[in-house]
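Shown here: coords.cif, mmCIF, C-alpha atoms.
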```cif
data_work
#
loop_
_atom_site.label_atom_id
_atom_site.label_comp_id
_atom_site.auth_asym_id
_atom_site.auth_seq_id
_atom_site.Cartn_x
_atom_site.Cartn_y
_atom_site.Cartn_z
CA MET P 457 -3.21 0.54 -14.20
CA ASN P 458 -6.08 1.41 -11.94
CA GLU P 459 -9.11 -0.85 -11.43
CA THR P 460 -12.01 0.17 -9.21
CA GLU P 461 -14.43 -2.37 -7.73
CA ASN P 462 -16.63 -1.71 -4.67
CA ASN P 463 -14.38 0.88 -3.01
CA LYS P 464 -11.25 -1.11 -3.90
CA ASP P 465 -8.52 0.13 -6.20
CA THR P 466 -5.56 -1.83 -7.51
CA TYR P 467 -2.35 -0.20 -8.70
CA GLU P 468 0.44 -2.00 -10.53
CA THR P 469 3.85 -0.63 -9.60
CA THR P 470 7.53 -1.46 -9.38
CA GLY P 471 9.57 -1.91 -6.23
CA ASP P 472 11.22 1.46 -6.87
CA GLU P 473 7.88 3.28 -6.75
CA LEU P 474 6.26 1.20 -4.00
CA LEU P 475 7.18 3.33 -0.98
CA ARG P 476 6.25 6.58 -2.73
CA LYS P 477 2.84 5.19 -3.71
CA VAL P 478 2.09 3.84 -0.21
CA LYS P 479 2.97 7.21 1.37
CA GLU P 480 0.75 8.97 -1.17
CA LEU P 481 -2.17 6.66 -0.39
CA ILE P 482 -1.81 7.14 3.38
CA ARG P 483 -1.81 10.94 2.94
CA GLU P 484 -5.14 10.74 1.06
CA GLY P 485 -6.87 10.00 4.37
CA ASN P 486 -9.78 7.90 3.09
CA VAL P 487 -7.83 4.62 2.92
CA ARG P 488 -8.82 1.83 5.34
CA LYS P 489 -6.46 -0.95 4.29
CA ILE P 490 -3.49 -1.37 1.94
CA THR P 491 -2.48 -4.83 0.71
CA ILE P 492 0.78 -5.37 -1.17
CA ARG P 493 1.07 -8.45 -3.40
CA ASP P 494 3.97 -9.78 -5.44
CA LYS P 495 3.67 -10.38 -9.19
CA GLU P 496 2.35 -13.92 -8.56
CA GLY P 497 -0.47 -12.55 -6.40
CA ASN P 498 0.91 -13.67 -3.03
CA VAL P 499 0.14 -11.27 -0.17
CA ILE P 500 3.35 -9.75 1.17
CA ILE P 501 1.97 -7.32 3.74
CA VAL P 502 -1.41 -5.93 4.84
CA ILE P 503 -1.41 -2.45 6.35
CA PRO P 504 -4.53 -1.40 8.27
CA VAL P 505 -4.79 2.38 8.14
CA THR P 506 -7.00 3.99 10.76
CA VAL P 507 -8.21 7.56 11.00
CA GLY P 508 -6.00 8.36 14.00
CA VAL P 509 -2.70 7.10 12.57
CA ILE P 510 0.17 9.45 13.32
CA GLY P 511 3.72 9.54 12.01
CA ALA P 512 5.33 7.71 14.93
CA VAL P 513 2.94 4.78 14.52
CA ILE P 514 3.20 4.51 10.74
CA ALA P 515 7.00 5.01 10.53
CA PRO P 516 7.88 1.34 11.28
CA VAL P 517 5.35 0.22 8.68
CA LEU P 518 6.93 2.50 6.08
CA ALA P 519 10.36 1.13 6.98
CA ALA P 520 9.04 -2.39 6.32
CA VAL P 521 7.55 -1.29 3.00
CA GLY P 522 10.92 0.21 2.06
CA ALA P 523 12.65 -3.10 2.81
CA ILE P 524 10.07 -4.98 0.75
CA ALA P 525 10.53 -2.53 -2.14
CA ALA P 526 14.24 -3.35 -2.20
CA LEU P 527 13.47 -7.06 -2.66
CA ILE P 528 10.74 -7.09 -5.32
CA THR P 529 10.64 -5.84 -8.88
CA GLU P 530 6.92 -5.85 -9.66
CA CYS P 531 3.96 -5.73 -7.32
CA SER P 532 0.38 -4.60 -6.97
CA ILE P 533 -1.18 -2.47 -4.27
CA SER P 534 -4.84 -3.08 -3.37
CA VAL P 535 -6.53 -0.27 -1.51
CA GLU P 536 -9.82 -0.39 0.43
CA ARG P 537 -11.35 3.05 0.83
CA SER P 538 -13.93 4.36 3.25
CA GLU P 539 -16.96 6.02 1.72
#
```

Using the file provided, produce a representation of the structure as structure tokens.
Amino acid sequence: MNETENNKDTYETTGDELLRKVKELIREGNVRKITIRDKEGNVIIVIPVTVGVIGAVIAPVLAAVGAIAALITECSISVERSE
């Protein structure tokens, strides 16, 4: 499911697909912030993504997302995009 509202997209996903989707969004390059919520809508993690992010900086964040993915079954990813 994909909902767009004022440069914000929301994707429903499972824990198994969470890390793959976050990596895909970061590679797009026009993402400013990624928010991961559990199925009840509670914020689990907010990832600010800046233009100059390099692999060494984002690697610990991806490790945290991988750990979160192992613990949850359903979640949503909200994405704020730059214009």

Residues within 8 Å of Glu530 in chain P, please, as a list of chain:residue names. Count only C-alpha atoms; anything in the same chain fewer than 3 positions from it doesn't count. P:Glu468, P:Thr469, P:Thr470, P:Gly471, P:Asp494, P:Lys495

Result set, the PyMOL selection byres ((chain P and resi 475) around 9) on current file, as a ChimeraX atom specification: /P:471-474,476-480,518-519,521-522,524-525

Atoms to include: C-alpha atoms. Write the selected residues as a CSV table (one decimal), in the frame of the given file.
```
chain,number,residue,atom,x,y,z
P,471,GLY,CA,9.6,-1.9,-6.2
P,472,ASP,CA,11.2,1.5,-6.9
P,473,GLU,CA,7.9,3.3,-6.8
P,474,LEU,CA,6.3,1.2,-4.0
P,476,ARG,CA,6.2,6.6,-2.7
P,477,LYS,CA,2.8,5.2,-3.7
P,478,VAL,CA,2.1,3.8,-0.2
P,479,LYS,CA,3.0,7.2,1.4
P,480,GLU,CA,0.8,9.0,-1.2
P,518,LEU,CA,6.9,2.5,6.1
P,519,ALA,CA,10.4,1.1,7.0
P,521,VAL,CA,7.6,-1.3,3.0
P,522,GLY,CA,10.9,0.2,2.1
P,524,ILE,CA,10.1,-5.0,0.8
P,525,ALA,CA,10.5,-2.5,-2.1
```

So how far away is CA of Asn463 in chain P from CA of Pro516 in chain P, in Å? 26.5 Å

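Distances here use all atoms listed in the file; by that measure, the residue among P:Ile533, P:Ile482, P:Gly497, P:Ser538 closest to Val517 in chain P is P:Ile482.
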
Taking the file as I've supplied it (selection: the PyMOL selection byres ((chain P and resi 492) around 8)), which residues are included? Please answer as a PyMOL selection string. chain P and resi 490-491+493-494+499-502+531-534

Point-to-point distance from CA of Thr466 in chain P to CA of Leu481 in chain P, Å rounded to tenths: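 Result for CA of Thr466 in chain P versus CA of Leu481 in chain P: 11.6 Å, one decimal.
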
Å distance separating CA of Arg537 in chain P from CA of Asp465 in chain P, one decimal place: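 So the answer is 8.1 Å.
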